[in-house]
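What follows is a set of notes on a single structure, which appears directly below.
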Amino acid sequence: MARGRDQDAVAGDGRDETEGERLDRNWNELLQELRVTQTGTQVFTGFLLTIPFQQRFGDLTPEQVSIYLVLVGFSVLATVLAITPVSLHRALFRQGAKTHIVHIANMLLIAALAAVALTLTGTALLVFDVALGHPAGIAAGIVTFVVTALAWAALPAVTRRTQR
């Protein structure tokens, strides 16, 4: 089995799997992560799409409406990115492209998580801005961005370093 620079299948890791088995395992792990991400992004997008139909939407400032529209864009982008691996798999099913599918799905899921992080940040900013004012909105957006960056980027990076 060609392992090369693949850090997922390293000698001595206790796994005795073929390249195909490793790809199947990686795809199944990605599917589990995609299920969580897809559900979350779809619910979040659906929630955001209902906001213009609420009575107070007319009370938003032009800046708040702009932030809202950017949030809808990020949320839709996150949903599309989270669903694309399924479409890719379906289009390339039985074409001998599993290596490419797993690699591309991984990149798409990372991009979807980035779009989710931006959507969460902007949503915190908008809600706090509407409820408590612009300074509170900025503070909530910054805190949300920092916490998300720490949890989703810094924690895995530190964990990778400590495992070496």
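By convention in this document, the chains of the structure tokens carry letters A, B, ... by their order, each chain's residues are numbered from 1, and ligands are numbered from 1 in the order they are shown.
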Which parts of range 38-95 of chain A does DSSP call alpha helix (DSSP H) when run on the backbone here, written out as an mmCIF file with all heavy atoms, in the first residue's frame?
data_model
loop_
_atom_site.group_PDB
_atom_site.id
_atom_site.type_symbol
_atom_site.label_atom_id
_atom_site.label_comp_id
_atom_site.auth_asym_id
_atom_site.auth_seq_id
_atom_site.Cartn_x
_atom_site.Cartn_y
_atom_site.Cartn_z
ATOM 1 N N GLN A 38 -24.332 19.460 7.277
ATOM 2 C CA GLN A 38 -25.470 19.683 6.387
ATOM 3 C C GLN A 38 -26.725 20.058 7.161
ATOM 4 O O GLN A 38 -27.405 21.017 6.809
ATOM 5 C CB GLN A 38 -25.750 18.436 5.544
ATOM 6 C CG GLN A 38 -24.738 18.175 4.472
ATOM 7 C CD GLN A 38 -24.931 16.817 3.821
ATOM 8 O OE1 GLN A 38 -25.702 15.989 4.282
ATOM 9 N NE2 GLN A 38 -24.200 16.586 2.747
ATOM 10 N N THR A 39 -27.008 19.328 8.201
ATOM 11 C CA THR A 39 -28.209 19.610 8.986
ATOM 12 C C THR A 39 -28.129 21.004 9.593
ATOM 13 O O THR A 39 -29.079 21.791 9.507
ATOM 14 C CB THR A 39 -28.390 18.553 10.093
ATOM 15 O OG1 THR A 39 -28.467 17.264 9.487
ATOM 16 C CG2 THR A 39 -29.637 18.825 10.912
ATOM 17 N N GLY A 40 -26.990 21.316 10.195
ATOM 18 C CA GLY A 40 -26.820 22.627 10.811
ATOM 19 C C GLY A 40 -26.942 23.773 9.824
ATOM 20 O O GLY A 40 -27.623 24.766 10.091
ATOM 21 N N THR A 41 -26.297 23.634 8.672
ATOM 22 C CA THR A 41 -26.346 24.732 7.694
ATOM 23 C C THR A 41 -27.738 24.889 7.114
ATOM 24 O O THR A 41 -28.204 26.009 6.896
ATOM 25 C CB THR A 41 -25.320 24.528 6.554
ATOM 26 O OG1 THR A 41 -25.586 23.295 5.884
ATOM 27 C CG2 THR A 41 -23.898 24.553 7.071
ATOM 28 N N GLN A 42 -28.428 23.777 6.890
ATOM 29 C CA GLN A 42 -29.777 23.873 6.339
ATOM 30 C C GLN A 42 -30.751 24.522 7.328
ATOM 31 O O GLN A 42 -31.562 25.368 6.943
ATOM 32 C CB GLN A 42 -30.268 22.493 5.917
ATOM 33 C CG GLN A 42 -29.525 21.957 4.716
ATOM 34 C CD GLN A 42 -29.797 20.488 4.462
ATOM 35 O OE1 GLN A 42 -30.444 19.805 5.240
ATOM 36 N NE2 GLN A 42 -29.285 19.988 3.349
ATOM 37 N N VAL A 43 -30.651 24.156 8.594
ATOM 38 C CA VAL A 43 -31.520 24.754 9.610
ATOM 39 C C VAL A 43 -31.193 26.238 9.756
ATOM 40 O O VAL A 43 -32.096 27.090 9.817
ATOM 41 C CB VAL A 43 -31.390 24.012 10.960
ATOM 42 C CG1 VAL A 43 -32.057 24.775 12.087
ATOM 43 C CG2 VAL A 43 -31.964 22.610 10.850
ATOM 44 N N PHE A 44 -29.902 26.557 9.808
ATOM 45 C CA PHE A 44 -29.469 27.946 9.952
ATOM 46 C C PHE A 44 -29.944 28.786 8.768
ATOM 47 O O PHE A 44 -30.481 29.889 8.935
ATOM 48 C CB PHE A 44 -27.947 27.997 10.058
ATOM 49 C CG PHE A 44 -27.417 29.151 10.845
ATOM 50 C CD1 PHE A 44 -26.063 29.206 11.147
ATOM 51 C CD2 PHE A 44 -28.213 30.184 11.286
ATOM 52 C CE1 PHE A 44 -25.540 30.264 11.869
ATOM 53 C CE2 PHE A 44 -27.704 31.237 12.014
ATOM 54 C CZ PHE A 44 -26.367 31.271 12.302
ATOM 55 N N THR A 45 -29.786 28.275 7.568
ATOM 56 C CA THR A 45 -30.223 29.002 6.373
ATOM 57 C C THR A 45 -31.728 29.192 6.399
ATOM 58 O O THR A 45 -32.227 30.296 6.125
ATOM 59 C CB THR A 45 -29.785 28.258 5.098
ATOM 60 O OG1 THR A 45 -28.361 28.142 5.089
ATOM 61 C CG2 THR A 45 -30.228 29.007 3.843
ATOM 62 N N GLY A 46 -32.457 28.147 6.748
ATOM 63 C CA GLY A 46 -33.917 28.259 6.835
ATOM 64 C C GLY A 46 -34.340 29.316 7.832
ATOM 65 O O GLY A 46 -35.247 30.119 7.568
ATOM 66 N N PHE A 47 -33.671 29.342 8.985
ATOM 67 C CA PHE A 47 -33.958 30.361 9.994
ATOM 68 C C PHE A 47 -33.708 31.758 9.436
ATOM 69 O O PHE A 47 -34.550 32.654 9.566
ATOM 70 C CB PHE A 47 -33.107 30.117 11.234
ATOM 71 C CG PHE A 47 -33.107 31.270 12.195
ATOM 72 C CD1 PHE A 47 -34.208 31.555 12.976
ATOM 73 C CD2 PHE A 47 -31.985 32.090 12.292
ATOM 74 C CE1 PHE A 47 -34.205 32.639 13.847
ATOM 75 C CE2 PHE A 47 -31.983 33.168 13.158
ATOM 76 C CZ PHE A 47 -33.091 33.448 13.940
ATOM 77 N N LEU A 48 -32.560 31.951 8.813
ATOM 78 C CA LEU A 48 -32.232 33.274 8.272
ATOM 79 C C LEU A 48 -33.224 33.710 7.199
ATOM 80 O O LEU A 48 -33.558 34.894 7.090
ATOM 81 C CB LEU A 48 -30.812 33.289 7.707
ATOM 82 C CG LEU A 48 -29.679 33.307 8.725
ATOM 83 C CD1 LEU A 48 -28.330 33.104 8.044
ATOM 84 C CD2 LEU A 48 -29.686 34.607 9.522
ATOM 85 N N LEU A 49 -33.705 32.760 6.413
ATOM 86 C CA LEU A 49 -34.630 33.103 5.337
ATOM 87 C C LEU A 49 -36.000 33.535 5.856
ATOM 88 O O LEU A 49 -36.760 34.179 5.133
ATOM 89 C CB LEU A 49 -34.773 31.929 4.372
ATOM 90 C CG LEU A 49 -33.508 31.603 3.560
ATOM 91 C CD1 LEU A 49 -33.735 30.366 2.705
ATOM 92 C CD2 LEU A 49 -33.073 32.790 2.715
ATOM 93 N N THR A 50 -36.320 33.224 7.108
ATOM 94 C CA THR A 50 -37.618 33.638 7.659
ATOM 95 C C THR A 50 -37.576 35.056 8.232
ATOM 96 O O THR A 50 -38.626 35.668 8.436
ATOM 97 C CB THR A 50 -38.088 32.678 8.772
ATOM 98 O OG1 THR A 50 -37.203 32.766 9.889
ATOM 99 C CG2 THR A 50 -38.179 31.249 8.268
ATOM 100 N N PRO A 62 -30.168 50.332 7.345
ATOM 101 C CA PRO A 62 -29.612 49.835 6.080
ATOM 102 C C PRO A 62 -28.333 48.998 6.294
ATOM 103 O O PRO A 62 -28.130 48.005 5.591
ATOM 104 C CB PRO A 62 -29.314 51.111 5.287
ATOM 105 C CG PRO A 62 -30.290 52.114 5.819
ATOM 106 C CD PRO A 62 -30.434 51.780 7.279
ATOM 107 N N GLU A 63 -27.521 49.362 7.276
ATOM 108 C CA GLU A 63 -26.306 48.593 7.560
ATOM 109 C C GLU A 63 -26.662 47.204 8.084
ATOM 110 O O GLU A 63 -26.029 46.208 7.715
ATOM 111 C CB GLU A 63 -25.419 49.318 8.580
ATOM 112 C CG GLU A 63 -24.815 50.605 8.070
ATOM 113 C CD GLU A 63 -25.777 51.797 8.137
ATOM 114 O OE1 GLU A 63 -26.819 51.733 8.849
ATOM 115 O OE2 GLU A 63 -25.498 52.794 7.458
ATOM 116 N N GLN A 64 -27.673 47.134 8.942
ATOM 117 C CA GLN A 64 -28.099 45.844 9.485
ATOM 118 C C GLN A 64 -28.693 44.959 8.385
ATOM 119 O O GLN A 64 -28.448 43.754 8.363
ATOM 120 C CB GLN A 64 -29.099 46.041 10.622
ATOM 121 C CG GLN A 64 -28.476 46.641 11.870
ATOM 122 C CD GLN A 64 -29.511 47.084 12.892
ATOM 123 O OE1 GLN A 64 -30.645 47.420 12.556
ATOM 124 N NE2 GLN A 64 -29.103 47.087 14.155
ATOM 125 N N VAL A 65 -29.441 45.560 7.471
ATOM 126 C CA VAL A 65 -29.988 44.793 6.344
ATOM 127 C C VAL A 65 -28.839 44.272 5.473
ATOM 128 O O VAL A 65 -28.860 43.112 5.030
ATOM 129 C CB VAL A 65 -30.979 45.642 5.509
ATOM 130 C CG1 VAL A 65 -31.370 44.925 4.227
ATOM 131 C CG2 VAL A 65 -32.221 45.977 6.332
ATOM 132 N N SER A 66 -27.818 45.096 5.272
ATOM 133 C CA SER A 66 -26.651 44.651 4.490
ATOM 134 C C SER A 66 -25.951 43.481 5.178
ATOM 135 O O SER A 66 -25.585 42.494 4.521
ATOM 136 C CB SER A 66 -25.667 45.800 4.286
ATOM 137 O OG SER A 66 -26.246 46.810 3.496
ATOM 138 N N ILE A 67 -25.767 43.592 6.494
ATOM 139 C CA ILE A 67 -25.151 42.489 7.246
ATOM 140 C C ILE A 67 -26.005 41.238 7.106
ATOM 141 O O ILE A 67 -25.490 40.141 6.852
ATOM 142 C CB ILE A 67 -24.960 42.863 8.731
ATOM 143 C CG1 ILE A 67 -23.906 43.961 8.873
ATOM 144 C CG2 ILE A 67 -24.586 41.634 9.561
ATOM 145 C CD1 ILE A 67 -23.858 44.595 10.254
ATOM 146 N N TYR A 68 -27.306 41.386 7.235
ATOM 147 C CA TYR A 68 -28.220 40.253 7.100
ATOM 148 C C TYR A 68 -28.064 39.584 5.733
ATOM 149 O O TYR A 68 -27.974 38.355 5.636
ATOM 150 C CB TYR A 68 -29.668 40.711 7.317
ATOM 151 C CG TYR A 68 -30.660 39.681 6.859
ATOM 152 C CD1 TYR A 68 -30.899 38.534 7.623
ATOM 153 C CD2 TYR A 68 -31.314 39.804 5.641
ATOM 154 C CE1 TYR A 68 -31.776 37.562 7.196
ATOM 155 C CE2 TYR A 68 -32.200 38.834 5.204
ATOM 156 C CZ TYR A 68 -32.423 37.717 5.974
ATOM 157 O OH TYR A 68 -33.280 36.745 5.542
ATOM 158 N N LEU A 69 -28.032 40.375 4.675
ATOM 159 C CA LEU A 69 -27.920 39.807 3.325
ATOM 160 C C LEU A 69 -26.587 39.090 3.123
ATOM 161 O O LEU A 69 -26.525 38.030 2.483
ATOM 162 C CB LEU A 69 -28.128 40.893 2.275
ATOM 163 C CG LEU A 69 -29.554 41.460 2.224
ATOM 164 C CD1 LEU A 69 -29.630 42.640 1.276
ATOM 165 C CD2 LEU A 69 -30.561 40.373 1.856
ATOM 166 N N VAL A 70 -25.522 39.628 3.702
ATOM 167 C CA VAL A 70 -24.225 38.943 3.646
ATOM 168 C C VAL A 70 -24.317 37.615 4.394
ATOM 169 O O VAL A 70 -23.791 36.590 3.935
ATOM 170 C CB VAL A 70 -23.099 39.843 4.210
ATOM 171 C CG1 VAL A 70 -21.811 39.060 4.423
ATOM 172 C CG2 VAL A 70 -22.852 41.032 3.284
ATOM 173 N N LEU A 71 -24.997 37.610 5.535
ATOM 174 C CA LEU A 71 -25.179 36.377 6.312
ATOM 175 C C LEU A 71 -25.947 35.328 5.520
ATOM 176 O O LEU A 71 -25.581 34.147 5.536
ATOM 177 C CB LEU A 71 -25.924 36.663 7.616
ATOM 178 C CG LEU A 71 -25.163 37.450 8.662
ATOM 179 C CD1 LEU A 71 -26.069 37.785 9.828
ATOM 180 C CD2 LEU A 71 -23.947 36.688 9.113
ATOM 181 N N VAL A 72 -26.991 35.744 4.837
ATOM 182 C CA VAL A 72 -27.743 34.801 4.002
ATOM 183 C C VAL A 72 -26.813 34.224 2.934
ATOM 184 O O VAL A 72 -26.808 33.011 2.687
ATOM 185 C CB VAL A 72 -28.987 35.462 3.366
ATOM 186 C CG1 VAL A 72 -29.611 34.553 2.314
ATOM 187 C CG2 VAL A 72 -30.007 35.808 4.435
ATOM 188 N N GLY A 73 -25.993 35.079 2.344
ATOM 189 C CA GLY A 73 -25.039 34.604 1.338
ATOM 190 C C GLY A 73 -24.066 33.586 1.901
ATOM 191 O O GLY A 73 -23.847 32.522 1.300
ATOM 192 N N PHE A 74 -23.476 33.871 3.072
ATOM 193 C CA PHE A 74 -22.550 32.920 3.701
ATOM 194 C C PHE A 74 -23.257 31.624 4.083
ATOM 195 O O PHE A 74 -22.711 30.534 3.942
ATOM 196 C CB PHE A 74 -21.877 33.522 4.939
ATOM 197 C CG PHE A 74 -20.705 34.396 4.634
ATOM 198 C CD1 PHE A 74 -20.588 35.633 5.243
ATOM 199 C CD2 PHE A 74 -19.704 33.991 3.772
ATOM 200 C CE1 PHE A 74 -19.502 36.458 4.980
ATOM 201 C CE2 PHE A 74 -18.614 34.795 3.501
ATOM 202 C CZ PHE A 74 -18.512 36.036 4.110
ATOM 203 N N SER A 75 -24.483 31.734 4.585
ATOM 204 C CA SER A 75 -25.230 30.555 4.998
ATOM 205 C C SER A 75 -25.583 29.673 3.799
ATOM 206 O O SER A 75 -25.451 28.445 3.856
ATOM 207 C CB SER A 75 -26.493 30.984 5.749
ATOM 208 O OG SER A 75 -27.135 29.877 6.304
ATOM 209 N N VAL A 76 -26.010 30.302 2.726
ATOM 210 C CA VAL A 76 -26.299 29.546 1.498
ATOM 211 C C VAL A 76 -25.018 28.900 0.973
ATOM 212 O O VAL A 76 -25.011 27.733 0.575
ATOM 213 C CB VAL A 76 -26.958 30.455 0.439
ATOM 214 C CG1 VAL A 76 -26.997 29.786 -0.925
ATOM 215 C CG2 VAL A 76 -28.370 30.847 0.885
ATOM 216 N N LEU A 77 -23.917 29.644 0.996
ATOM 217 C CA LEU A 77 -22.630 29.098 0.559
ATOM 218 C C LEU A 77 -22.243 27.887 1.411
ATOM 219 O O LEU A 77 -21.826 26.848 0.884
ATOM 220 C CB LEU A 77 -21.537 30.166 0.634
ATOM 221 C CG LEU A 77 -20.120 29.705 0.294
ATOM 222 C CD1 LEU A 77 -20.028 29.225 -1.156
ATOM 223 C CD2 LEU A 77 -19.122 30.829 0.565
ATOM 224 N N ALA A 78 -22.397 27.993 2.718
ATOM 225 C CA ALA A 78 -22.078 26.873 3.613
ATOM 226 C C ALA A 78 -22.936 25.655 3.281
ATOM 227 O O ALA A 78 -22.436 24.523 3.246
ATOM 228 C CB ALA A 78 -22.276 27.282 5.075
ATOM 229 N N THR A 79 -24.204 25.879 3.025
ATOM 230 C CA THR A 79 -25.108 24.776 2.684
ATOM 231 C C THR A 79 -24.688 24.123 1.372
ATOM 232 O O THR A 79 -24.609 22.893 1.273
ATOM 233 C CB THR A 79 -26.566 25.277 2.607
ATOM 234 O OG1 THR A 79 -26.924 25.839 3.870
ATOM 235 C CG2 THR A 79 -27.518 24.153 2.255
ATOM 236 N N VAL A 80 -24.400 24.931 0.373
ATOM 237 C CA VAL A 80 -23.977 24.394 -0.926
ATOM 238 C C VAL A 80 -22.676 23.602 -0.779
ATOM 239 O O VAL A 80 -22.552 22.484 -1.290
ATOM 240 C CB VAL A 80 -23.818 25.525 -1.969
ATOM 241 C CG1 VAL A 80 -23.117 25.026 -3.218
ATOM 242 C CG2 VAL A 80 -25.173 26.122 -2.316
ATOM 243 N N LEU A 81 -21.706 24.173 -0.065
ATOM 244 C CA LEU A 81 -20.426 23.485 0.113
ATOM 245 C C LEU A 81 -20.591 22.171 0.874
ATOM 246 O O LEU A 81 -19.911 21.184 0.585
ATOM 247 C CB LEU A 81 -19.439 24.388 0.844
ATOM 248 C CG LEU A 81 -18.927 25.595 0.059
ATOM 249 C CD1 LEU A 81 -18.161 26.538 0.976
ATOM 250 C CD2 LEU A 81 -18.080 25.167 -1.129
ATOM 251 N N ALA A 82 -21.496 22.140 1.849
ATOM 252 C CA ALA A 82 -21.701 20.929 2.655
ATOM 253 C C ALA A 82 -22.444 19.843 1.885
ATOM 254 O O ALA A 82 -22.294 18.664 2.190
ATOM 255 C CB ALA A 82 -22.451 21.277 3.944
ATOM 256 N N ILE A 83 -23.222 20.222 0.896
ATOM 257 C CA ILE A 83 -23.977 19.241 0.122
ATOM 258 C C ILE A 83 -23.206 18.781 -1.119
ATOM 259 O O ILE A 83 -23.403 17.670 -1.607
ATOM 260 C CB ILE A 83 -25.358 19.810 -0.268
ATOM 261 C CG1 ILE A 83 -26.200 20.000 0.994
ATOM 262 C CG2 ILE A 83 -26.083 18.920 -1.264
ATOM 263 C CD1 ILE A 83 -27.507 20.711 0.762
ATOM 264 N N THR A 84 -22.291 19.593 -1.610
ATOM 265 C CA THR A 84 -21.560 19.276 -2.836
ATOM 266 C C THR A 84 -20.844 17.926 -2.809
ATOM 267 O O THR A 84 -20.849 17.226 -3.825
ATOM 268 C CB THR A 84 -20.588 20.420 -3.189
ATOM 269 O OG1 THR A 84 -21.356 21.603 -3.427
ATOM 270 C CG2 THR A 84 -19.774 20.107 -4.426
ATOM 271 N N PRO A 85 -20.220 17.509 -1.691
ATOM 272 C CA PRO A 85 -19.574 16.185 -1.724
ATOM 273 C C PRO A 85 -20.537 15.044 -2.077
ATOM 274 O O PRO A 85 -20.148 14.085 -2.740
ATOM 275 C CB PRO A 85 -19.021 16.020 -0.308
ATOM 276 C CG PRO A 85 -18.773 17.414 0.145
ATOM 277 C CD PRO A 85 -19.915 18.209 -0.439
ATOM 278 N N VAL A 86 -21.786 15.150 -1.661
ATOM 279 C CA VAL A 86 -22.771 14.120 -1.980
ATOM 280 C C VAL A 86 -23.036 14.118 -3.484
ATOM 281 O O VAL A 86 -23.055 13.063 -4.132
ATOM 282 C CB VAL A 86 -24.072 14.336 -1.185
ATOM 283 C CG1 VAL A 86 -25.149 13.351 -1.605
ATOM 284 C CG2 VAL A 86 -23.789 14.253 0.307
ATOM 285 N N SER A 87 -23.208 15.296 -4.048
ATOM 286 C CA SER A 87 -23.429 15.419 -5.486
ATOM 287 C C SER A 87 -22.208 14.922 -6.273
ATOM 288 O O SER A 87 -22.343 14.219 -7.273
ATOM 289 C CB SER A 87 -23.715 16.883 -5.833
ATOM 290 O OG SER A 87 -23.788 17.053 -7.218
ATOM 291 N N LEU A 88 -21.030 15.268 -5.787
ATOM 292 C CA LEU A 88 -19.787 14.828 -6.426
ATOM 293 C C LEU A 88 -19.689 13.306 -6.404
ATOM 294 O O LEU A 88 -19.375 12.676 -7.424
ATOM 295 C CB LEU A 88 -18.595 15.459 -5.701
ATOM 296 C CG LEU A 88 -17.213 15.144 -6.237
ATOM 297 C CD1 LEU A 88 -17.011 15.786 -7.602
ATOM 298 C CD2 LEU A 88 -16.154 15.665 -5.261
ATOM 299 N N HIS A 89 -19.963 12.722 -5.255
ATOM 300 C CA HIS A 89 -19.925 11.266 -5.133
ATOM 301 C C HIS A 89 -20.925 10.619 -6.088
ATOM 302 O O HIS A 89 -20.618 9.637 -6.764
ATOM 303 C CB HIS A 89 -20.211 10.844 -3.688
ATOM 304 C CG HIS A 89 -20.165 9.369 -3.488
ATOM 305 N ND1 HIS A 89 -21.296 8.590 -3.532
ATOM 306 C CD2 HIS A 89 -19.118 8.532 -3.255
ATOM 307 C CE1 HIS A 89 -20.953 7.322 -3.320
ATOM 308 N NE2 HIS A 89 -19.640 7.261 -3.148
ATOM 309 N N ARG A 90 -22.122 11.178 -6.134
ATOM 310 C CA ARG A 90 -23.150 10.607 -6.998
ATOM 311 C C ARG A 90 -22.721 10.691 -8.462
ATOM 312 O O ARG A 90 -22.889 9.742 -9.232
ATOM 313 C CB ARG A 90 -24.473 11.362 -6.780
ATOM 314 C CG ARG A 90 -25.660 10.796 -7.437
ATOM 315 C CD ARG A 90 -26.056 9.350 -7.144
ATOM 316 N NE ARG A 90 -25.539 8.737 -5.952
ATOM 317 C CZ ARG A 90 -25.119 7.466 -5.846
ATOM 318 N NH1 ARG A 90 -25.179 6.651 -6.872
ATOM 319 N NH2 ARG A 90 -24.660 6.979 -4.736
ATOM 320 N N ALA A 91 -22.143 11.811 -8.881
ATOM 321 C CA ALA A 91 -21.730 11.992 -10.275
ATOM 322 C C ALA A 91 -20.554 11.097 -10.647
ATOM 323 O O ALA A 91 -20.432 10.683 -11.800
ATOM 324 C CB ALA A 91 -21.373 13.459 -10.532
ATOM 325 N N LEU A 92 -19.690 10.807 -9.674
ATOM 326 C CA LEU A 92 -18.484 10.022 -9.952
ATOM 327 C C LEU A 92 -18.552 8.598 -9.413
ATOM 328 O O LEU A 92 -17.551 7.875 -9.431
ATOM 329 C CB LEU A 92 -17.261 10.743 -9.377
ATOM 330 C CG LEU A 92 -16.992 12.125 -9.964
ATOM 331 C CD1 LEU A 92 -15.833 12.797 -9.252
ATOM 332 C CD2 LEU A 92 -16.747 12.047 -11.458
#
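Taking CA of Ala151 in chain A as the reference point, CA of Asn28 in chain A is found at 23.2 Å.
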Point-to-point distance in Å for CA of Thr144 in chain A and CA of Ala117 in chain A: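 Distance reported for this atom pair: 8.4 Å.
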Non-local contacts of Ala149 in chain A (12 Å; only C-alpha atoms; under 3 positions in same chain excluded) as a list in words: Leu113, Ala114, Val116, Ala117, Leu118, Leu120, Thr121, Ile142, Val143, Thr144, Phe145, Val146, Trp152, Ala153, Ala154, Leu155, Pro156 and Ala157 of chain A
Those same residues, written as a short mmCIF file (atom, residue, chain, number, x, y, z; two decimals), in the first residue's frame with all heavy atoms?
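Resulting contents of selection.cif:
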data_model
loop_
_atom_site.label_atom_id
_atom_site.label_comp_id
_atom_site.auth_asym_id
_atom_site.auth_seq_id
_atom_site.Cartn_x
_atom_site.Cartn_y
_atom_site.Cartn_z
N LEU A 113 -17.07 24.71 6.73
CA LEU A 113 -16.89 25.11 8.13
C LEU A 113 -16.45 26.57 8.23
O LEU A 113 -16.88 27.29 9.14
CB LEU A 113 -15.88 24.19 8.82
CG LEU A 113 -16.38 22.77 9.08
CD1 LEU A 113 -15.25 21.88 9.59
CD2 LEU A 113 -17.56 22.77 10.04
N ALA A 114 -15.61 27.02 7.32
CA ALA A 114 -15.21 28.44 7.31
C ALA A 114 -16.43 29.33 7.05
O ALA A 114 -16.61 30.36 7.71
CB ALA A 114 -14.13 28.68 6.25
N VAL A 116 -19.53 28.55 7.72
CA VAL A 116 -20.35 28.46 8.93
C VAL A 116 -19.79 29.40 10.00
O VAL A 116 -20.54 30.12 10.67
CB VAL A 116 -20.44 27.01 9.46
CG1 VAL A 116 -21.04 26.97 10.86
CG2 VAL A 116 -21.24 26.15 8.51
N ALA A 117 -18.47 29.40 10.17
CA ALA A 117 -17.84 30.28 11.17
C ALA A 117 -18.16 31.74 10.87
O ALA A 117 -18.48 32.51 11.79
CB ALA A 117 -16.33 30.05 11.20
N LEU A 118 -18.09 32.14 9.61
CA LEU A 118 -18.41 33.52 9.25
C LEU A 118 -19.89 33.82 9.46
O LEU A 118 -20.26 34.92 9.90
CB LEU A 118 -18.00 33.79 7.80
CG LEU A 118 -16.49 33.79 7.56
CD1 LEU A 118 -16.18 33.88 6.07
CD2 LEU A 118 -15.82 34.92 8.32
N LEU A 120 -21.86 32.33 11.71
CA LEU A 120 -22.06 32.44 13.17
C LEU A 120 -21.58 33.78 13.69
O LEU A 120 -22.25 34.43 14.49
CB LEU A 120 -21.32 31.31 13.88
CG LEU A 120 -21.88 29.90 13.71
CD1 LEU A 120 -20.91 28.88 14.30
CD2 LEU A 120 -23.24 29.80 14.35
N THR A 121 -20.41 34.19 13.23
CA THR A 121 -19.85 35.48 13.66
C THR A 121 -20.77 36.63 13.30
O THR A 121 -21.09 37.48 14.13
CB THR A 121 -18.45 35.68 13.02
OG1 THR A 121 -17.58 34.64 13.47
CG2 THR A 121 -17.87 37.03 13.36
N ILE A 142 -16.74 39.75 17.48
CA ILE A 142 -15.32 39.46 17.74
C ILE A 142 -15.17 38.24 18.64
O ILE A 142 -14.37 37.35 18.37
CB ILE A 142 -14.61 40.70 18.34
CG1 ILE A 142 -14.48 41.79 17.28
CG2 ILE A 142 -13.25 40.33 18.91
CD1 ILE A 142 -14.03 43.13 17.82
N VAL A 143 -15.95 38.21 19.72
CA VAL A 143 -15.88 37.07 20.65
C VAL A 143 -16.25 35.77 19.93
O VAL A 143 -15.55 34.75 20.07
CB VAL A 143 -16.79 37.30 21.88
CG1 VAL A 143 -16.96 36.02 22.69
CG2 VAL A 143 -16.22 38.41 22.75
N THR A 144 -17.30 35.80 19.14
CA THR A 144 -17.71 34.60 18.40
C THR A 144 -16.62 34.16 17.44
O THR A 144 -16.31 32.96 17.36
CB THR A 144 -19.03 34.85 17.64
OG1 THR A 144 -20.04 35.25 18.57
CG2 THR A 144 -19.48 33.61 16.88
N PHE A 145 -16.03 35.10 16.72
CA PHE A 145 -14.97 34.76 15.78
C PHE A 145 -13.77 34.14 16.50
O PHE A 145 -13.23 33.12 16.08
CB PHE A 145 -14.53 35.99 14.97
CG PHE A 145 -13.47 35.68 13.96
CD1 PHE A 145 -13.82 35.10 12.75
CD2 PHE A 145 -12.14 35.92 14.23
CE1 PHE A 145 -12.84 34.79 11.81
CE2 PHE A 145 -11.15 35.61 13.30
CZ PHE A 145 -11.51 35.04 12.09
N VAL A 146 -13.36 34.76 17.61
CA VAL A 146 -12.19 34.27 18.35
C VAL A 146 -12.47 32.88 18.93
O VAL A 146 -11.62 31.97 18.81
CB VAL A 146 -11.78 35.27 19.46
CG1 VAL A 146 -10.77 34.66 20.42
CG2 VAL A 146 -11.23 36.54 18.84
N TRP A 152 -12.03 25.63 16.39
CA TRP A 152 -12.01 24.92 15.12
C TRP A 152 -10.64 24.94 14.43
O TRP A 152 -10.41 24.12 13.56
CB TRP A 152 -13.05 25.48 14.17
CG TRP A 152 -14.46 25.23 14.61
CD1 TRP A 152 -14.89 24.58 15.73
CD2 TRP A 152 -15.64 25.65 13.93
NE1 TRP A 152 -16.25 24.57 15.78
CE2 TRP A 152 -16.74 25.22 14.70
CE3 TRP A 152 -15.87 26.35 12.76
CZ2 TRP A 152 -18.06 25.46 14.31
CZ3 TRP A 152 -17.18 26.60 12.38
CH2 TRP A 152 -18.26 26.16 13.15
N ALA A 153 -9.76 25.86 14.79
CA ALA A 153 -8.45 25.93 14.13
C ALA A 153 -7.30 25.74 15.11
O ALA A 153 -6.44 24.89 14.91
CB ALA A 153 -8.31 27.26 13.39
N ALA A 154 -7.29 26.53 16.18
CA ALA A 154 -6.16 26.47 17.12
C ALA A 154 -6.12 25.15 17.88
O ALA A 154 -5.05 24.54 18.00
CB ALA A 154 -6.22 27.65 18.09
N LEU A 155 -7.25 24.68 18.39
CA LEU A 155 -7.27 23.43 19.15
C LEU A 155 -6.77 22.25 18.31
O LEU A 155 -5.91 21.50 18.76
CB LEU A 155 -8.67 23.16 19.70
CG LEU A 155 -8.83 21.86 20.49
CD1 LEU A 155 -7.91 21.84 21.72
CD2 LEU A 155 -10.29 21.69 20.91
N PRO A 156 -7.27 22.06 17.08
CA PRO A 156 -6.72 20.97 16.27
C PRO A 156 -5.23 21.15 15.97
O PRO A 156 -4.48 20.17 15.97
CB PRO A 156 -7.54 21.02 14.98
CG PRO A 156 -8.81 21.68 15.37
CD PRO A 156 -8.44 22.68 16.44
N ALA A 157 -4.79 22.38 15.74
CA ALA A 157 -3.37 22.62 15.45
C ALA A 157 -2.50 22.26 16.65
O ALA A 157 -1.46 21.61 16.52
CB ALA A 157 -3.15 24.07 15.04
#
d(CA of Ala124 in chain A, CA of Gly137 in chain A) in Å: 6.9 Å
Among the residues A:His100, A:Ala115, A:Phe93, A:Thr61, the one that comes closest to Gly133 in chain A [using only C-alpha atoms]: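 Using only C-alpha atoms, Gly133 in chain A sits closest to A:Thr61.
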